[in-house]
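Worksheet: one structure, shown below.
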Amino acid sequence: MSAPILIMGATSGIGRCALDEAVRRGLSVRAFARGADSLGATDLVEPFTGDAKKAEDIAEALKGVQAVVYALGITERLAMLWEEETLFSETTAVLLDEMAKAEVSRLVVVTGFGAGRSKSAMSWFEKTGHRAILGKPYADKDRQEALIVESPLDWTIVRPVILTKGPRTEDYRVLREPSTWRNGLIARASVAHYLIDAVEQDLDVRTDVVLAR
């Protein structure tokens, strides 16, 4: 069996969908999350309980893996309108350092449409609403993306548009040229399909894409 894929944030959202997608393909996964013990171990899934801000937890989780899928998220709450968010940049800084030490080079990271240079693809109306509601988290995603772009790793930044609970489909668009970037909808399970494709096929190395239906 090939080396496992480390999926960070594997118990919910896109991370859980990525776990399911990898298992669907018969790939082994090290499932990293604070509540990973809720998953239960199988032949393909190794739950790994840890804190993504702790270097020692990340170092242990990276042992023997072939690639990392970063899909950490935050719980939406009213306070995120005014509280500074640092989870994405803090955990990414730790991860980048530990990946370099462990000599694991492949990193696929989920951020979101409106982060980094994709902000320029938004209309004035989209920017205004996005900034009002998600300004603090996305300011941290901007910092996160800057850290990734400056790293020597074989990274891919993946920016899904508005997420839905729709069914998994392979009929979605990978928008690679900034001139084609746009908002829209996409199912979490479809994002997960691309994430595992990106690992298996080494897609879009050292570049950023937008995913939309």
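Going by the structure tokens order, chains are called A, B, ..., each with residues numbered from 1, while ligands are numbered from 1 in the order shown.
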- Determine, counting only C-alpha atoms, which protein, DNA and RNA residues have an atom within 7 Å of an atom of Val110 (chain A); residues of the same chain fewer than 5 positions away are not included. Present the result as a list in words.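 Once the nearby chain positions are removed, what remains is Tyr70, Ala71, Ile157, Val158 and Arg159 of chain A.
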- Message: Show me, as a ChimeraX atom specification, the residues that have an atom within 12 Å of region 95-105 of chain A when counting only C-alpha atoms, minus same-chain residues fewer than 4 positions from it.
- Response: /A:3-6,8,51-70,72,87-91,109,144-156,199,202,205-206
Return as a PDB file with N, CA, C and O atoms, in the first residue's frame the full set of residues in region 48-136 of chain A whose backbone-based DSSP assignment is helix (DSSP H, G or I).
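Here's the written file out.pdb:
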```pdb
ATOM      1  N   ALA A  55       3.652  22.215  16.912  1.00  0.00           N
ATOM      2  CA  ALA A  55       4.650  21.666  15.992  1.00  0.00           C
ATOM      3  C   ALA A  55       4.886  20.184  16.249  1.00  0.00           C
ATOM      4  O   ALA A  55       5.077  19.402  15.303  1.00  0.00           O
ATOM      5  N   GLU A  56       4.877  19.779  17.533  1.00  0.00           N
ATOM      6  CA  GLU A  56       5.162  18.377  17.838  1.00  0.00           C
ATOM      7  C   GLU A  56       4.066  17.460  17.294  1.00  0.00           C
ATOM      8  O   GLU A  56       4.357  16.338  16.841  1.00  0.00           O
ATOM      9  N   ASP A  57       2.814  17.915  17.314  1.00  0.00           N
ATOM     10  CA  ASP A  57       1.723  17.107  16.759  1.00  0.00           C
ATOM     11  C   ASP A  57       1.851  16.999  15.243  1.00  0.00           C
ATOM     12  O   ASP A  57       1.663  15.919  14.660  1.00  0.00           O
ATOM     13  N   ILE A  58       2.164  18.104  14.593  1.00  0.00           N
ATOM     14  CA  ILE A  58       2.313  18.095  13.137  1.00  0.00           C
ATOM     15  C   ILE A  58       3.504  17.245  12.722  1.00  0.00           C
ATOM     16  O   ILE A  58       3.430  16.475  11.754  1.00  0.00           O
ATOM     17  N   ALA A  59       4.607  17.363  13.444  1.00  0.00           N
ATOM     18  CA  ALA A  59       5.799  16.570  13.118  1.00  0.00           C
ATOM     19  C   ALA A  59       5.485  15.084  13.174  1.00  0.00           C
ATOM     20  O   ALA A  59       5.901  14.305  12.293  1.00  0.00           O
ATOM     21  N   GLU A  60       4.762  14.666  14.185  1.00  0.00           N
ATOM     22  CA  GLU A  60       4.404  13.249  14.322  1.00  0.00           C
ATOM     23  C   GLU A  60       3.454  12.820  13.211  1.00  0.00           C
ATOM     24  O   GLU A  60       3.599  11.738  12.629  1.00  0.00           O
ATOM     25  N   ALA A  61       2.496  13.683  12.887  1.00  0.00           N
ATOM     26  CA  ALA A  61       1.507  13.353  11.860  1.00  0.00           C
ATOM     27  C   ALA A  61       2.130  13.231  10.474  1.00  0.00           C
ATOM     28  O   ALA A  61       1.617  12.510   9.612  1.00  0.00           O
ATOM     29  N   LEU A  78     -21.068  34.858  15.240  1.00  0.00           N
ATOM     30  CA  LEU A  78     -21.258  36.300  15.147  1.00  0.00           C
ATOM     31  C   LEU A  78     -19.967  37.059  15.439  1.00  0.00           C
ATOM     32  O   LEU A  78     -19.653  38.060  14.787  1.00  0.00           O
ATOM     33  N   ALA A  79     -19.181  36.566  16.392  1.00  0.00           N
ATOM     34  CA  ALA A  79     -17.963  37.277  16.816  1.00  0.00           C
ATOM     35  C   ALA A  79     -16.922  37.376  15.716  1.00  0.00           C
ATOM     36  O   ALA A  79     -16.012  38.216  15.810  1.00  0.00           O
ATOM     37  N   MET A  80     -17.037  36.555  14.688  1.00  0.00           N
ATOM     38  CA  MET A  80     -16.026  36.648  13.626  1.00  0.00           C
ATOM     39  C   MET A  80     -16.161  37.947  12.831  1.00  0.00           C
ATOM     40  O   MET A  80     -15.281  38.289  12.038  1.00  0.00           O
ATOM     41  N   LEU A  81     -17.249  38.677  13.063  1.00  0.00           N
ATOM     42  CA  LEU A  81     -17.391  39.980  12.414  1.00  0.00           C
ATOM     43  C   LEU A  81     -16.370  40.982  12.945  1.00  0.00           C
ATOM     44  O   LEU A  81     -15.979  41.906  12.228  1.00  0.00           O
ATOM     45  N   LEU A  87      -6.114  31.547  12.878  1.00  0.00           N
ATOM     46  CA  LEU A  87      -5.960  30.091  12.759  1.00  0.00           C
ATOM     47  C   LEU A  87      -5.246  29.678  11.479  1.00  0.00           C
ATOM     48  O   LEU A  87      -4.327  28.863  11.495  1.00  0.00           O
ATOM     49  N   PHE A  88      -5.672  30.240  10.358  1.00  0.00           N
ATOM     50  CA  PHE A  88      -5.144  29.786   9.064  1.00  0.00           C
ATOM     51  C   PHE A  88      -3.661  30.100   8.914  1.00  0.00           C
ATOM     52  O   PHE A  88      -2.867  29.240   8.525  1.00  0.00           O
ATOM     53  N   SER A  89      -3.261  31.318   9.242  1.00  0.00           N
ATOM     54  CA  SER A  89      -1.851  31.685   9.095  1.00  0.00           C
ATOM     55  C   SER A  89      -0.981  30.987  10.138  1.00  0.00           C
ATOM     56  O   SER A  89       0.126  30.540   9.830  1.00  0.00           O
ATOM     57  N   GLU A  90      -1.476  30.873  11.371  1.00  0.00           N
ATOM     58  CA  GLU A  90      -0.677  30.228  12.417  1.00  0.00           C
ATOM     59  C   GLU A  90      -0.430  28.758  12.107  1.00  0.00           C
ATOM     60  O   GLU A  90       0.698  28.261  12.203  1.00  0.00           O
ATOM     61  N   THR A  91      -1.489  28.051  11.757  1.00  0.00           N
ATOM     62  CA  THR A  91      -1.329  26.615  11.501  1.00  0.00           C
ATOM     63  C   THR A  91      -0.530  26.363  10.226  1.00  0.00           C
ATOM     64  O   THR A  91       0.230  25.394  10.147  1.00  0.00           O
ATOM     65  N   THR A  92      -0.684  27.226   9.238  1.00  0.00           N
ATOM     66  CA  THR A  92       0.077  27.059   7.999  1.00  0.00           C
ATOM     67  C   THR A  92       1.550  27.311   8.230  1.00  0.00           C
ATOM     68  O   THR A  92       2.409  26.594   7.673  1.00  0.00           O
ATOM     69  N   ALA A  93       1.899  28.301   9.040  1.00  0.00           N
ATOM     70  CA  ALA A  93       3.311  28.562   9.352  1.00  0.00           C
ATOM     71  C   ALA A  93       3.943  27.347  10.015  1.00  0.00           C
ATOM     72  O   ALA A  93       5.069  26.937   9.664  1.00  0.00           O
ATOM     73  N   VAL A  94       3.237  26.744  10.960  1.00  0.00           N
ATOM     74  CA  VAL A  94       3.746  25.532  11.620  1.00  0.00           C
ATOM     75  C   VAL A  94       3.895  24.402  10.607  1.00  0.00           C
ATOM     76  O   VAL A  94       4.926  23.712  10.556  1.00  0.00           O
ATOM     77  N   LEU A  95       2.873  24.204   9.788  1.00  0.00           N
ATOM     78  CA  LEU A  95       2.883  23.112   8.813  1.00  0.00           C
ATOM     79  C   LEU A  95       4.025  23.260   7.815  1.00  0.00           C
ATOM     80  O   LEU A  95       4.732  22.279   7.514  1.00  0.00           O
ATOM     81  N   LEU A  96       4.228  24.452   7.284  1.00  0.00           N
ATOM     82  CA  LEU A  96       5.295  24.658   6.301  1.00  0.00           C
ATOM     83  C   LEU A  96       6.661  24.331   6.898  1.00  0.00           C
ATOM     84  O   LEU A  96       7.498  23.683   6.254  1.00  0.00           O
ATOM     85  N   ASP A  97       6.894  24.767   8.123  1.00  0.00           N
ATOM     86  CA  ASP A  97       8.176  24.485   8.787  1.00  0.00           C
ATOM     87  C   ASP A  97       8.373  22.988   8.966  1.00  0.00           C
ATOM     88  O   ASP A  97       9.455  22.450   8.692  1.00  0.00           O
ATOM     89  N   GLU A  98       7.339  22.320   9.447  1.00  0.00           N
ATOM     90  CA  GLU A  98       7.472  20.894   9.732  1.00  0.00           C
ATOM     91  C   GLU A  98       7.531  20.058   8.461  1.00  0.00           C
ATOM     92  O   GLU A  98       8.221  19.028   8.422  1.00  0.00           O
ATOM     93  N   MET A  99       6.852  20.469   7.410  1.00  0.00           N
ATOM     94  CA  MET A  99       6.966  19.748   6.141  1.00  0.00           C
ATOM     95  C   MET A  99       8.388  19.834   5.592  1.00  0.00           C
ATOM     96  O   MET A  99       8.919  18.846   5.066  1.00  0.00           O
ATOM     97  N   ALA A 100       9.002  20.991   5.715  1.00  0.00           N
ATOM     98  CA  ALA A 100      10.395  21.138   5.251  1.00  0.00           C
ATOM     99  C   ALA A 100      11.313  20.205   6.028  1.00  0.00           C
ATOM    100  O   ALA A 100      12.180  19.534   5.443  1.00  0.00           O
ATOM    101  N   LYS A 101      11.120  20.136   7.336  1.00  0.00           N
ATOM    102  CA  LYS A 101      11.958  19.256   8.171  1.00  0.00           C
ATOM    103  C   LYS A 101      11.728  17.788   7.818  1.00  0.00           C
ATOM    104  O   LYS A 101      12.659  16.984   7.822  1.00  0.00           O
ATOM    105  N   ALA A 102      10.479  17.437   7.545  1.00  0.00           N
ATOM    106  CA  ALA A 102      10.131  16.038   7.266  1.00  0.00           C
ATOM    107  C   ALA A 102      10.395  15.649   5.815  1.00  0.00           C
ATOM    108  O   ALA A 102      10.237  14.485   5.448  1.00  0.00           O
ATOM    109  N   GLY A 116      -6.456  36.027  -1.327  1.00  0.00           N
ATOM    110  CA  GLY A 116      -5.302  36.252  -2.191  1.00  0.00           C
ATOM    111  C   GLY A 116      -5.667  37.042  -3.429  1.00  0.00           C
ATOM    112  O   GLY A 116      -6.495  37.949  -3.398  1.00  0.00           O
ATOM    113  N   ARG A 117      -5.064  36.654  -4.536  1.00  0.00           N
ATOM    114  CA  ARG A 117      -5.267  37.443  -5.756  1.00  0.00           C
ATOM    115  C   ARG A 117      -6.625  37.211  -6.406  1.00  0.00           C
ATOM    116  O   ARG A 117      -6.993  37.931  -7.333  1.00  0.00           O
ATOM    117  N   SER A 118      -7.404  36.243  -5.902  1.00  0.00           N
ATOM    118  CA  SER A 118      -8.746  36.058  -6.462  1.00  0.00           C
ATOM    119  C   SER A 118      -9.694  37.180  -6.053  1.00  0.00           C
ATOM    120  O   SER A 118     -10.773  37.328  -6.639  1.00  0.00           O
ATOM    121  N   LYS A 119      -9.291  37.966  -5.063  1.00  0.00           N
ATOM    122  CA  LYS A 119     -10.126  39.107  -4.657  1.00  0.00           C
ATOM    123  C   LYS A 119     -10.381  40.043  -5.831  1.00  0.00           C
ATOM    124  O   LYS A 119     -11.452  40.646  -5.938  1.00  0.00           O
ATOM    125  N   SER A 120      -9.389  40.165  -6.721  1.00  0.00           N
ATOM    126  CA  SER A 120      -9.517  41.081  -7.858  1.00  0.00           C
ATOM    127  C   SER A 120     -10.574  40.620  -8.855  1.00  0.00           C
ATOM    128  O   SER A 120     -11.013  41.400  -9.711  1.00  0.00           O
ATOM    129  N   ALA A 121     -11.015  39.351  -8.767  1.00  0.00           N
ATOM    130  CA  ALA A 121     -12.033  38.831  -9.682  1.00  0.00           C
ATOM    131  C   ALA A 121     -13.449  39.100  -9.177  1.00  0.00           C
ATOM    132  O   ALA A 121     -14.415  38.801  -9.876  1.00  0.00           O
ATOM    133  N   TRP A 124     -17.608  44.831  -7.292  1.00  0.00           N
ATOM    134  CA  TRP A 124     -17.659  45.744  -6.144  1.00  0.00           C
ATOM    135  C   TRP A 124     -18.696  45.266  -5.137  1.00  0.00           C
ATOM    136  O   TRP A 124     -18.455  45.272  -3.930  1.00  0.00           O
ATOM    137  N   PHE A 125     -19.831  44.811  -5.631  1.00  0.00           N
ATOM    138  CA  PHE A 125     -20.900  44.337  -4.751  1.00  0.00           C
ATOM    139  C   PHE A 125     -20.438  43.118  -3.954  1.00  0.00           C
ATOM    140  O   PHE A 125     -20.660  43.017  -2.744  1.00  0.00           O
ATOM    141  N   GLU A 126     -19.791  42.177  -4.635  1.00  0.00           N
ATOM    142  CA  GLU A 126     -19.294  40.979  -3.960  1.00  0.00           C
ATOM    143  C   GLU A 126     -18.252  41.338  -2.911  1.00  0.00           C
ATOM    144  O   GLU A 126     -18.279  40.817  -1.790  1.00  0.00           O
ATOM    145  N   LYS A 127     -17.322  42.199  -3.272  1.00  0.00           N
ATOM    146  CA  LYS A 127     -16.274  42.602  -2.330  1.00  0.00           C
ATOM    147  C   LYS A 127     -16.860  43.246  -1.082  1.00  0.00           C
ATOM    148  O   LYS A 127     -16.426  42.972   0.042  1.00  0.00           O
ATOM    149  N   THR A 128     -17.842  44.113  -1.279  1.00  0.00           N
ATOM    150  CA  THR A 128     -18.430  44.832  -0.150  1.00  0.00           C
ATOM    151  C   THR A 128     -19.109  43.881   0.830  1.00  0.00           C
ATOM    152  O   THR A 128     -18.882  43.937   2.043  1.00  0.00           O
ATOM    153  N   GLY A 129     -19.925  42.987   0.315  1.00  0.00           N
ATOM    154  CA  GLY A 129     -20.605  42.027   1.171  1.00  0.00           C
ATOM    155  C   GLY A 129     -19.646  41.047   1.818  1.00  0.00           C
ATOM    156  O   GLY A 129     -19.767  40.710   3.004  1.00  0.00           O
ATOM    157  N   HIS A 130     -18.682  40.598   1.037  1.00  0.00           N
ATOM    158  CA  HIS A 130     -17.696  39.633   1.527  1.00  0.00           C
ATOM    159  C   HIS A 130     -16.884  40.235   2.661  1.00  0.00           C
ATOM    160  O   HIS A 130     -16.660  39.607   3.701  1.00  0.00           O
ATOM    161  N   ARG A 131     -16.438  41.469   2.471  1.00  0.00           N
ATOM    162  CA  ARG A 131     -15.617  42.146   3.477  1.00  0.00           C
ATOM    163  C   ARG A 131     -16.405  42.362   4.763  1.00  0.00           C
ATOM    164  O   ARG A 131     -15.880  42.206   5.865  1.00  0.00           O
ATOM    165  N   ALA A 132     -17.693  42.711   4.616  1.00  0.00           N
ATOM    166  CA  ALA A 132     -18.514  42.987   5.791  1.00  0.00           C
ATOM    167  C   ALA A 132     -18.708  41.745   6.660  1.00  0.00           C
ATOM    168  O   ALA A 132     -18.690  41.824   7.890  1.00  0.00           O
ATOM    169  N   ILE A 133     -18.887  40.598   6.028  1.00  0.00           N
ATOM    170  CA  ILE A 133     -19.205  39.374   6.771  1.00  0.00           C
ATOM    171  C   ILE A 133     -17.969  38.521   7.058  1.00  0.00           C
ATOM    172  O   ILE A 133     -17.803  38.008   8.160  1.00  0.00           O
ATOM    173  N   LEU A 134     -17.095  38.392   6.066  1.00  0.00           N
ATOM    174  CA  LEU A 134     -15.960  37.469   6.171  1.00  0.00           C
ATOM    175  C   LEU A 134     -14.605  38.169   6.152  1.00  0.00           C
ATOM    176  O   LEU A 134     -13.584  37.541   5.911  1.00  0.00           O
ATOM    177  N   GLY A 135     -14.606  39.467   6.419  1.00  0.00           N
ATOM    178  CA  GLY A 135     -13.375  40.240   6.323  1.00  0.00           C
ATOM    179  C   GLY A 135     -12.245  39.733   7.191  1.00  0.00           C
ATOM    180  O   GLY A 135     -11.100  39.611   6.739  1.00  0.00           O
ATOM    181  N   LYS A 136     -12.543  39.409   8.455  1.00  0.00           N
ATOM    182  CA  LYS A 136     -11.488  38.962   9.385  1.00  0.00           C
ATOM    183  C   LYS A 136     -10.917  37.589   8.990  1.00  0.00           C
ATOM    184  O   LYS A 136      -9.703  37.427   8.876  1.00  0.00           O
TER     185      LYS A 136
END
```
- Message: Which of region 28-130 of chain A end up as strand (DSSP E) when DSSP is run on this backbone - answer as a ChimeraX atom specification?
- Response: /A:29-33,45-49,67-70,106-110
- Query: Quick one, how far is CA of Ile7 (chain A) from CA of Ala33 (chain A)?
  - Reply: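 Distance between the two atoms: 8.6 Å.
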- With a distance cut-off of 9 Å and only C-alpha atoms, select the neighbouring residues of region 169-178 of chain A, excluding the residue or stretch itself and same-chain residues fewer than 3 positions from it, and output the selection as a VMD selection string. chain A and resid 117 to 118 120 to 121 166 181 to 182 186 to 187 189 to 191 193 to 194 204 207 to 213
- Message: Residues within 8 Å of region 36-45 of chain A, please, as a list in words. Count only C-alpha atoms; anything in the same chain fewer than 3 positions from it doesn't count.
- Response: Ala10, Thr11, Val23, Gly26, Leu27, Ser28, Val29, Arg30, Ala31, Phe32, Ala33, Phe48, Thr49 and Gly50 of chain A
Just the selected residues (N, CA and C atoms), exported as a short mmCIF file (atom, residue, chain, number, x, y, z; two decimals), in the first residue's frame, please.
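See out35.cif below for the written result:
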```cif
data_model
loop_
_atom_site.label_atom_id
_atom_site.label_comp_id
_atom_site.auth_asym_id
_atom_site.auth_seq_id
_atom_site.Cartn_x
_atom_site.Cartn_y
_atom_site.Cartn_z
N ALA A 10 -10.04 16.56 9.02
CA ALA A 10 -10.67 15.42 8.35
C ALA A 10 -12.02 15.02 8.91
N THR A 11 -12.50 15.68 9.95
CA THR A 11 -13.76 15.24 10.56
C THR A 11 -14.99 16.02 10.11
N VAL A 23 -10.87 7.32 0.43
CA VAL A 23 -11.25 5.95 0.74
C VAL A 23 -11.98 5.32 -0.43
N GLY A 26 -9.59 3.84 -2.61
CA GLY A 26 -8.71 2.83 -2.04
C GLY A 26 -7.40 3.38 -1.55
N LEU A 27 -7.36 4.67 -1.25
CA LEU A 27 -6.13 5.32 -0.77
C LEU A 27 -6.12 5.36 0.75
N SER A 28 -4.96 5.22 1.34
CA SER A 28 -4.88 5.29 2.79
C SER A 28 -4.72 6.74 3.24
N VAL A 29 -5.32 7.03 4.39
CA VAL A 29 -5.41 8.40 4.89
C VAL A 29 -5.01 8.43 6.36
N ARG A 30 -4.22 9.43 6.71
CA ARG A 30 -4.03 9.78 8.12
C ARG A 30 -4.93 10.98 8.38
N ALA A 31 -5.95 10.77 9.19
CA ALA A 31 -7.01 11.75 9.37
C ALA A 31 -6.73 12.59 10.62
N PHE A 32 -6.29 13.82 10.40
CA PHE A 32 -5.85 14.70 11.49
C PHE A 32 -6.98 15.65 11.88
N ALA A 33 -7.29 15.67 13.18
CA ALA A 33 -8.27 16.63 13.70
C ALA A 33 -8.25 16.53 15.22
N PHE A 48 -5.86 10.51 13.67
CA PHE A 48 -4.73 11.12 14.37
C PHE A 48 -5.25 12.36 15.10
N THR A 49 -5.37 12.25 16.41
CA THR A 49 -5.85 13.36 17.21
C THR A 49 -4.71 14.32 17.50
N GLY A 50 -4.91 15.59 17.13
CA GLY A 50 -3.83 16.55 17.35
C GLY A 50 -4.30 17.98 17.21
#
```
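Between CA of Arg34 (chain A) and CA of Gly9 (chain A) there is a distance of 8.2 Å.
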- Could you check how far CA of Gly184 (chain A) sits from CA of Lys141 (chain A), in Å to one decimal?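 About the pair CA of Gly184 (chain A) and CA of Lys141 (chain A): they are 19.3 Å apart.
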